[in-house]
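Participant: Here it is: the structure, laid out below.
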Amino acid sequence: RASARARTAAAALRAANLPTAAASLLRAVREQAPSSVLASDALLEAELFSAAGEYASAIEAARAVGDDPDLAQPARWVLVHSLSQCGRLSEAREVALRALSLAQDDDARARSAHELARVHFAEGDYAGCLQRCDDALEYARAPALRAKLSALAGMSAVYVGDATRASALLESALALWTEQGEPRQEAATLAYMAIAKDRAGDYAAAKALYARALERARAGGDIAQMASARRNRGSLLEQMGDLASALEHLAAAEKLSRRAGVTRVSLGAQLHLASHMLKLGSYERALTGLEQVLAEARAGGLKMLVAQALQGRAGARARTGQPDDALSLTAEAIAEFKAMGDEESAADASMDAAEALLDRGAQGDLERAVDALDRASAQAQGAAE
């Protein structure tokens with residue numbers, strides 16, 4: 001096993017993925033002399049794997065730290081983040097709450113609050129995430145921590161519809177990360193900025209930002225961010241009608257996220273691949289993929305993916321002559337989006353169902369489409385207000 005770790009380290013070095021290389025070498029040494037394992041070694045290994053986006057390995061290493069009084073708290077922070085990235089949100093929340101309750105000073109409290117805010121975000125509780133970040137920014141002092149909180153608050157502001165505040169927070173975070181030379185964090189923040197542009201309909205700006213995010217993720221050797229950037233860019237290219245390029249990016253994203261053990265990103269890539277199948281008219285393949293995403297997202301508590309999978313299934317049912325099922329699924333999707341405070345996506349779900357029914361053109365479908373369009377119009381008006 002140690003020899004295999006060393007080979008992994010060599011491969012990572014050739015790929016310029018220094019965090020993975022260092023973590024693999026450290027584990028190779030530990031496996032040659034297991035009696036000499038130290039909590040500090042395990043923590044370093046966890047941090048390195050997490051930095052490289054190798055979250056399954058990071059979880060294993062963080063758990064090996066144990067109850068060392070000086071190292072248990074930073075190990076919990078790594079564990080929360082890695083569990084969240086793998087879609088294990090209930091476990092992540094439990095660890096984050098424990099870390100927050102055991103924090104001894106403002107810095108530790110702010111760091112623990114940031115990790116808990118990440119769990120809120122992964123659960124689709126954007127208002128809760130924004131409030132948690134706002135509270136922590138009151139007493140966080142370290143520049144890097146303030147940058148993390150600002151970036152996460154900015155992305156949450158995007159989803160709750162406060163575009164002006166989102167832009168200010170994200171620009172501030174990006175400036176801090178650029179000054180500190182942190183390419184992985186730059187990648188994450190650039191991705192957030194791209195999502196904001198995408199949701200605002202500025203696709204050219206979003207495409208450029210996703211490309212920058214992918215470049216910075218590669219520079220930092222962050223597999224998870226590379227997967228996320230390719231998934232998001234693939235989704236955007238799909239919206240822009242470049243289906244061939246979209247499929248290339250989405251397939252690469254799914255492969256990268258599986259390698260890193262990042263369930264959320266992998267399911268997101270599968271969701272967009274299913275959407276691609278819908279556009280190509282491969283409805284059964286799309287439904288099979290959407291049902292798998294829905295089951296795994298529900299099991300992991302990934303609410304946004306649950307809503308999006310329901311929306312996708314509604315579109316597939318509408319296009320295969322099952323309008324009642326389509327509208328029932330749309331109602332479920334709308335309820336999920338509204339529960340997260342995302343009125344814009346709720347309106348989009350109604351609009352998608354209406355357009356799918358209009359495409360079929362049967363009289364009964366047209367009547368249902370008119371009803372769906374009326375609801376979409378009312379929801380869009382509510383989102384704008």
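Simple scheme: letters A, B, ... for chains in structure tokens order, numbers from 1 for residues in each chain, numbers from 1 for ligands in the order shown.
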Determine, for each residue of range 217-320 of chain A having at least one atom at most 6 Å from an atom of range 329-336 of chain A, the closest pair of atoms and their separation in Å to one decimal, counting only C-alpha atoms; order by chain and ascending number, as CSV.

Facilitator:
residue,atom,partner,partner_atom,distance
A:Ala307,CA,A:Ala333,CA,4.7
A:Leu310,CA,A:Ala333,CA,5.3
A:Gln311,CA,A:Ala333,CA,5.6
A:Ala314,CA,A:Leu329,CA,5.2

Participant: Please provide the set of residues having any atom within 8 Å of Arg132 in chain A, restricted to only C-alpha atoms, with same-chain residues fewer than 4 positions apart removed, written as a list of chain:residue names.

Facilitator: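 Within the cut-off, the hits are A:Ala113, A:His114, A:Leu116, A:Ala117, A:Gly128, A:Ala136.
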
Participant: Using only C-alpha atoms, which of the listed residues (A:Met277, A:Leu287, A:Ser112, A:Ala196) sits closest to Asp162 in chain A?

Facilitator: A:Ala196

Participant: Which of these residues is nearest to Leu236 in chain A, using only C-alpha atoms: A:Lys255, A:Arg218, A:Lys197, A:Lys148?

Facilitator: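 Closest to Leu236 in chain A, using only C-alpha atoms: A:Lys197.
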
Participant: Quick one: residues within 12 Å of Val119 in chain A, only C-alpha atoms, excluding same-chain residues fewer than 5 positions away - as a VMD selection string?

Facilitator: chain A and resid 77 79 to 97 112 to 114 124 to 126 128 to 130 132 to 133 152 300 to 303

Participant: Show which residues sit within 10 Å of range 266-272 of chain A, as an NGL selection string. Count only C-alpha atoms, and ignore same-chain residues fewer than 3 positions away.

Facilitator: :A and (86-87 or 224 or 227-228 or 230-232 or 234-236 or 238 or 246-247 or 249-263 or 275-278 or 286 or 289-294 or 296-297 or 302 or 304-305 or 308-309 or 312)

Participant: I need the residues of range 27-158 of chain A that end up classed as helix (DSSP H, G or I) by DSSP on the backbone, written out as a PyMOL selection string.

Facilitator: chain A and resi 27-32+34-36+39-51+55-63+72-85+89-102+106-123+126-137+143-158

Participant: Residues at most 10 Å from Gly66 in chain A, counting only C-alpha atoms, excluding those fewer than 5 positions away in the same chain, as a ChimeraX atom specification?

Facilitator: /A:38-39,42-43,61,71-72,75-76
